[in-house]
file structure.txt (compact mmCIF, C-alpha atoms)
# COMPACT_ATOMS: atom_id res chain seq x y z
CA MET A 216 77.73 114.26 90.52
CA ARG A 217 74.03 114.74 90.90
CA LYS A 218 72.77 114.74 94.46
CA ILE A 219 69.81 112.56 93.61
CA ILE A 220 69.63 109.64 91.22
CA LYS A 221 66.99 107.08 90.47
CA ALA A 222 67.36 103.66 92.06
CA ILE A 223 67.79 100.72 89.79
CA SER A 224 65.91 97.54 90.71
CA THR A 225 68.20 95.01 89.09
CA SER A 226 71.20 93.63 90.91
CA LEU A 227 73.57 94.22 88.00
CA THR A 228 73.89 96.89 85.32
CA LEU A 229 76.40 96.88 82.48
CA ILE A 230 78.08 100.11 81.46
CA ALA A 231 79.92 100.34 78.13
CA THR A 232 83.18 102.27 77.93
CA CYS A 233 85.66 102.73 75.10
CA ALA A 234 88.67 100.68 76.19
CA PRO A 235 90.36 97.40 75.23
CA VAL A 236 88.64 94.25 76.43
CA SER A 237 90.07 93.17 79.79
CA ALA A 238 90.27 89.71 81.29
CA ALA A 239 89.24 91.20 84.64
CA SER A 240 85.60 90.87 85.67
CA LEU A 241 84.32 92.09 89.02
CA GLN A 242 82.24 89.71 91.12
CA VAL A 243 80.44 90.61 94.37
CA THR A 244 78.81 88.56 97.12
CA PRO A 245 76.27 88.70 98.62
CA ILE A 246 73.86 90.52 96.30
CA ASN A 247 71.24 91.07 99.01
CA ILE A 248 72.22 92.28 102.50
CA GLU A 249 70.18 92.22 105.70
CA VAL A 250 71.58 93.24 109.09
CA ALA A 251 69.34 92.53 112.09
CA ALA A 252 69.54 94.68 115.24
CA PRO A 253 71.51 94.98 117.42
CA GLY A 254 74.02 94.32 114.60
CA ALA A 255 75.37 97.44 112.90
CA ALA A 256 78.01 96.11 110.50
CA THR A 257 78.56 93.50 107.83
CA THR A 258 81.01 92.71 105.06
CA VAL A 259 80.87 92.33 101.29
CA THR A 260 83.37 90.30 99.30
CA LEU A 261 84.73 91.58 95.99
CA ASN A 262 86.47 89.08 93.75
CA ASN A 263 88.65 89.48 90.69
CA PRO A 264 88.64 86.15 88.83
CA GLY A 265 90.46 87.63 85.86
CA THR A 266 94.11 87.80 84.89
CA THR A 267 94.64 91.57 85.18
CA PRO A 268 94.20 93.97 88.12
CA LEU A 269 91.04 96.01 88.46
CA LYS A 270 89.71 98.85 90.60
CA ALA A 271 86.24 99.34 92.05
CA GLN A 272 84.41 102.29 93.55
CA ILE A 273 82.06 101.61 96.48
CA ARG A 274 79.29 104.02 97.47
CA VAL A 275 76.25 103.87 99.78
CA TYR A 276 72.96 105.61 99.00
CA ARG A 277 69.89 106.09 101.14
CA TRP A 278 67.04 104.34 99.31
CA SER A 279 63.50 105.65 99.64
CA LEU A 280 60.25 106.01 97.76
CA VAL A 281 59.17 109.57 96.95
CA ASN A 282 55.79 110.18 95.34
CA GLY A 283 55.64 106.47 94.59
CA GLN A 284 58.96 106.39 92.74
CA GLU A 285 62.41 105.08 93.69
CA HIS A 286 64.84 107.68 94.98
CA LEU A 287 68.53 107.55 95.94
CA GLU A 288 70.65 110.12 97.74
CA PRO A 289 74.17 109.83 99.16
CA ALA A 290 74.11 108.28 102.63
CA THR A 291 75.85 109.84 105.61
CA ASP A 292 74.71 107.42 108.31
CA VAL A 293 76.01 104.24 106.64
CA ILE A 294 79.50 104.05 105.18
CA ALA A 295 81.51 101.58 103.12
CA SER A 296 85.18 101.13 103.94
CA PRO A 297 87.25 101.46 101.87
CA PRO A 298 85.46 103.58 99.23
CA VAL A 299 87.87 102.41 96.52
CA ALA A 300 89.41 98.94 96.15
CA ALA A 301 92.30 97.68 94.04
CA LEU A 302 91.98 93.97 93.34
CA GLN A 303 94.80 91.79 92.13
CA PRO A 304 93.94 88.84 89.85
CA LYS A 305 92.46 85.73 91.46
CA THR A 306 91.99 87.46 94.80
CA ASP A 307 89.19 88.40 97.19
CA TYR A 308 88.81 91.81 98.81
CA THR A 309 86.66 92.55 101.87
CA VAL A 310 84.61 95.74 102.13
CA ARG A 311 83.09 96.66 105.50
CA LEU A 312 79.64 98.24 105.69
CA VAL A 313 78.86 100.10 108.93
CA ARG A 314 75.77 101.86 110.31
CA LEU A 315 77.04 104.86 112.29
CA SER A 316 73.89 105.87 114.16
CA LYS A 317 73.55 104.70 117.76
CA GLN A 318 69.77 105.10 117.65
CA PRO A 319 67.95 101.75 117.66
CA VAL A 320 66.31 100.65 114.42
CA THR A 321 62.54 100.78 114.91
CA VAL A 322 61.48 100.71 111.25
CA GLU A 323 63.55 98.92 108.63
CA GLU A 324 66.19 101.24 107.13
CA THR A 325 66.96 100.81 103.44
CA TYR A 326 70.01 101.57 101.35
CA ARG A 327 71.60 100.69 98.03
CA LEU A 328 75.25 99.72 97.83
CA LEU A 329 76.63 100.72 94.41
CA ILE A 330 79.84 99.01 93.37
CA ASP A 331 81.32 100.13 90.06
CA GLU A 332 84.20 98.55 88.22
CA ILE A 333 86.50 101.37 87.14
CA PRO A 334 87.59 100.78 83.53
CA ASP A 335 91.33 100.77 82.85
CA LYS A 336 91.84 103.37 80.13
CA SER A 337 95.64 103.34 80.27
CA ASN A 338 95.83 101.41 77.00
CA ALA A 339 92.60 102.61 75.47
CA SER A 340 92.55 102.60 71.70
CA GLY A 341 88.94 103.71 71.32
CA VAL A 342 88.31 100.77 68.99
CA VAL A 343 87.21 97.95 71.26
CA VAL A 344 84.37 98.31 73.75
CA ALA A 345 84.86 96.82 77.22
CA MET A 346 82.03 96.17 79.66
CA ALA A 347 82.37 97.59 83.15
CA PHE A 348 80.12 96.10 85.81
CA ARG A 349 77.87 97.96 88.23
CA TYR A 350 76.24 96.18 91.14
CA SER A 351 73.28 97.81 92.89
CA ILE A 352 72.79 95.78 96.06
CA PRO A 353 69.82 96.29 98.41
CA VAL A 354 70.86 96.76 102.05
CA PHE A 355 68.40 96.45 104.93
CA PHE A 356 69.00 97.28 108.59
CA THR A 357 66.09 95.65 110.40
CA PRO A 358 64.66 95.95 113.93
CA ALA A 359 65.23 93.10 116.37
CA ASN A 360 61.56 92.16 115.85
CA PRO A 361 60.96 93.32 112.28
CA GLY A 362 57.32 92.33 111.94
CA ASN A 363 55.79 92.15 108.47
CA GLY A 364 54.82 94.38 105.62
CA ALA A 365 51.13 95.29 105.29
CA LEU A 366 49.91 96.45 101.87
CA THR A 367 46.85 98.39 100.85
CA TRP A 368 46.19 99.13 97.18
CA SER A 369 44.77 102.10 95.29
CA ALA A 370 44.36 103.24 91.68
CA THR A 371 44.30 106.76 90.27
CA ARG A 372 43.65 108.15 86.80
CA GLN A 373 45.76 111.23 86.21
CA ASN A 374 47.05 113.04 83.12
CA GLY A 375 45.68 110.33 80.87
CA LYS A 376 47.43 107.52 82.76
CA LEU A 377 46.32 104.93 85.27
CA PHE A 378 48.54 104.54 88.32
CA VAL A 379 48.34 101.51 90.60
CA SER A 380 49.87 102.05 94.03
CA ALA A 381 50.71 99.87 97.01
CA THR A 382 51.11 101.45 100.47
CA ASN A 383 53.06 99.55 103.10
CA SER A 384 52.00 100.44 106.65
CA GLY A 385 54.27 97.76 108.13
CA THR A 386 57.81 97.99 109.46
CA ARG A 387 59.39 95.71 106.84
CA ARG A 388 59.62 95.88 103.04
CA VAL A 389 57.52 93.76 100.72
CA ARG A 390 59.12 92.37 97.57
CA LEU A 391 56.68 92.01 94.66
CA ALA A 392 56.89 89.97 91.48
CA ASP A 393 54.61 89.12 88.54
CA LEU A 394 52.31 92.12 89.04
CA SER A 395 49.18 92.29 86.88
CA VAL A 396 45.77 93.99 86.79
CA GLY A 397 42.44 92.75 85.52
CA ASP A 398 39.01 94.25 84.84
CA GLY A 399 36.84 91.53 86.38
CA ASN A 400 35.76 90.28 82.96
CA GLY A 401 38.66 87.96 82.44
CA LYS A 402 40.94 90.54 80.83
CA SER A 403 44.28 90.75 82.61
CA THR A 404 47.37 92.76 81.68
CA VAL A 405 50.88 92.32 83.05
CA ILE A 406 52.47 95.39 84.64
CA ALA A 407 55.74 93.65 85.55
CA LYS A 408 56.87 90.14 84.70
CA GLY A 409 59.36 88.90 87.28
CA LEU A 410 60.55 91.43 89.84
CA ALA A 411 58.15 94.37 90.16
CA GLY A 412 60.14 96.09 92.90
CA TYR A 413 60.06 96.65 96.65
CA VAL A 414 57.41 98.49 98.64
CA LEU A 415 59.57 99.82 101.46
CA ALA A 416 58.36 100.11 105.05
CA ARG A 417 56.02 103.05 105.71
CA SER A 418 56.14 103.97 102.02
CA SER A 419 54.14 103.78 98.80
CA LYS A 420 55.19 102.58 95.36
CA SER A 421 53.37 103.26 92.10
CA TRP A 422 53.31 101.68 88.67
CA VAL A 423 51.80 102.93 85.40
CA ALA A 424 49.17 100.39 84.39
CA PRO A 425 47.09 99.76 81.28
CA ASP A 426 43.61 101.16 81.86
CA VAL A 427 41.85 97.82 81.55
CA SER A 428 38.80 99.06 83.45
CA LYS A 429 36.65 101.30 81.27
CA SER A 430 33.81 101.62 83.75
CA ALA A 431 34.10 104.27 86.47
CA ASN A 432 32.41 101.86 88.89
CA SER A 433 34.44 98.80 88.02
CA PRO A 434 37.28 97.89 90.41
CA LEU A 435 40.66 96.67 89.22
CA LEU A 436 41.67 93.18 90.25
CA ILE A 437 45.32 93.16 91.30
CA GLU A 438 47.46 90.03 91.44
CA ALA A 439 51.11 89.62 92.43
CA GLN A 440 53.53 87.35 94.21
CA GLY A 441 54.71 88.65 97.59
CA ASP A 442 57.20 87.48 100.19
CA ASN A 443 54.57 85.30 101.83
CA GLY A 444 52.76 84.00 98.77
CA PRO A 445 50.14 85.18 96.27
CA ILE A 446 48.51 88.60 96.62
CA ASN A 447 44.95 89.20 95.44
CA ALA A 448 43.47 92.65 95.93
CA SER A 449 41.13 95.15 94.30
CA ALA A 450 41.02 98.90 93.92
CA LEU A 451 38.41 101.22 92.45
CA PRO A 452 40.14 103.81 90.22
CA GLN A 453 39.76 107.39 91.40
CA ASN A 454 40.27 110.55 89.38
CA GLY A 455 43.39 112.41 90.43
CA ARG A 456 43.66 116.14 90.89
call {"tool": "encode", "arguments": {"input": "structure.txt", "output": "structure tokens"}}
result
Amino acid sequence: MRKIIKAISTSLTLIATCAPVSAASLQVTPINIEVAAPGAATTVTLNNPGTTPLKAQIRVYRWSLVNGQEHLEPATDVIASPPVAALQPKTDYTVRLVRLSKQPVTVEETYRLLIDEIPDKSNASGVVVAMAFRYSIPVFFTPANPGNGALTWSATRQNGKLFVSATNSGTRRVRLADLSVGDGNGKSTVIAKGLAGYVLARSSKSWVAPDVSKSANSPLLIEAQGDNGPINASALPQNGR
């Protein structure tokens, strides 16, 4: 398994496997987890509403932003117990999530909990395609007084592309939706409709944007929906190295 994988922003991903269709279908709650200090543990409920048994693999990844892009690596300071679950039909199963470090949380710590349904290939014919579910659940361990996110915006032209970036100097993530850029002349282009992603605490996130501003001296007008309402900002594109 690769040490590093890209984070996925959606809560649910479907993975196709060659196996007979099963009546089992993994369900997970909650799909967003926040643990406030001094708390260090929480639980997740797995449910099998189907008529056949199923198995699930549970893994925790440290979630960060590296060079503006989402990054996952296996976590060692937060564990899920058990790492594999066998669910009988019409039953719930409790998974415990525990932060091992005794150091106080001063800046929000971010993880992704990946829960994969393990396809049953015991009767696989290779003819029918079954859908196995993957949940990618954001997990936040927050300080006792988490504060707020604080975004500043920038834009850079590099390698023929325009990158719009948000830097969060605060101690808490900012969730962005409906991100768009405009050129000040009424022309606006959508970068992300719906969820645009999270700008994690003390991190920067970047998006590739249409170069709507043709003038070197013309700032981009940036609009989005944040946790606390509409965001309106501007950034003058700079030439990257």
call {"tool": "residues_near_point", "arguments": {"input": "structure.txt", "point": "(49.4, 97.7, 103.8)", "cutoff": "9 Å", "atoms": "only C-alpha atoms", "output": "MDAnalysis selection string"}}
result
chainID A and resid 364:368 381:385 417
call {"tool": "closest_residue", "arguments": {"input": "structure.txt", "among": "A:Lys420, A:Arg387, A:Lys402, A:Lys408", "to": "A:Val322", "atoms": "all atoms listed in the file"}}
result
A:Arg387
call {"tool": "atom_distance", "arguments": {"input": "structure.txt", "atom1": "atom CA of A:Glu323", "atom2": "atom CA of A:Ser369"}}
result
23.3 Å
call {"tool": "closest_residue", "arguments": {"input": "structure.txt", "among": "A:Ala370, A:Ala411, A:Ile437, A:Ala424", "to": "A:Asn454", "atoms": "all atoms listed in the file"}}
result
A:Ala370
call {"tool": "atom_distance", "arguments": {"input": "structure.txt", "atom1": "atom CA of A:Val423", "atom2": "atom CA of A:Ile406"}}
result
7.6 Å
call {"tool": "residues_near_point", "arguments": {"input": "structure.txt", "point": "(58.7, 86.2, 90.0)", "cutoff": "10 Å", "atoms": "all atoms listed in the file", "output": "list in words"}}
result
Arg390, Leu391, Ala392, Asp393, Leu394, Ala407, Lys408, Gly409, Leu410, Ala411, Ala439, Gln440 and Gly441 of chain A
call {"tool": "residues_around", "arguments": {"input": "structure.txt", "residues": "A:Gln453", "least_positions_apart": "3", "cutoff": "9 Å", "atoms": "all atoms listed in the file", "output": "NGL selection string"}}
result
:A and (369-373 or 431 or 450)
call {"tool": "closest_residue", "arguments": {"input": "structure.txt", "among": "A:Val320, A:Ile333, A:Val396, A:Val354", "to": "A:Ile294", "atoms": "all atoms listed in the file"}}
result
A:Val354
call {"tool": "closest_residue", "arguments": {"input": "structure.txt", "among": "A:Gln272, A:Ser449, A:Ser351, A:Ser418", "to": "A:Ser395", "atoms": "only C-alpha atoms"}}
result
A:Ser449
call {"tool": "atom_distance", "arguments": {"input": "structure.txt", "atom1": "atom CA of A:Lys270", "atom2": "atom CA of A:His286"}}
result
26.8 Å
call {"tool": "closest_residue", "arguments": {"input": "structure.txt", "among": "A:Ser380, A:Thr267, A:Ser419, A:Thr244", "to": "A:Pro304", "atoms": "all atoms listed in the file"}}
result
A:Thr267
call {"tool": "axis_aligned_box", "arguments": {"input": "structure.txt", "around": "stretch 349-367 of chain A", "padding_each_side": "4 Å", "output": "lines of an AutoDock Vina configuration file"}}
result
center_x = 62.4
center_y = 95.3
center_z = 102.3
size_x = 39.0
size_y = 14.2
size_z = 36.1
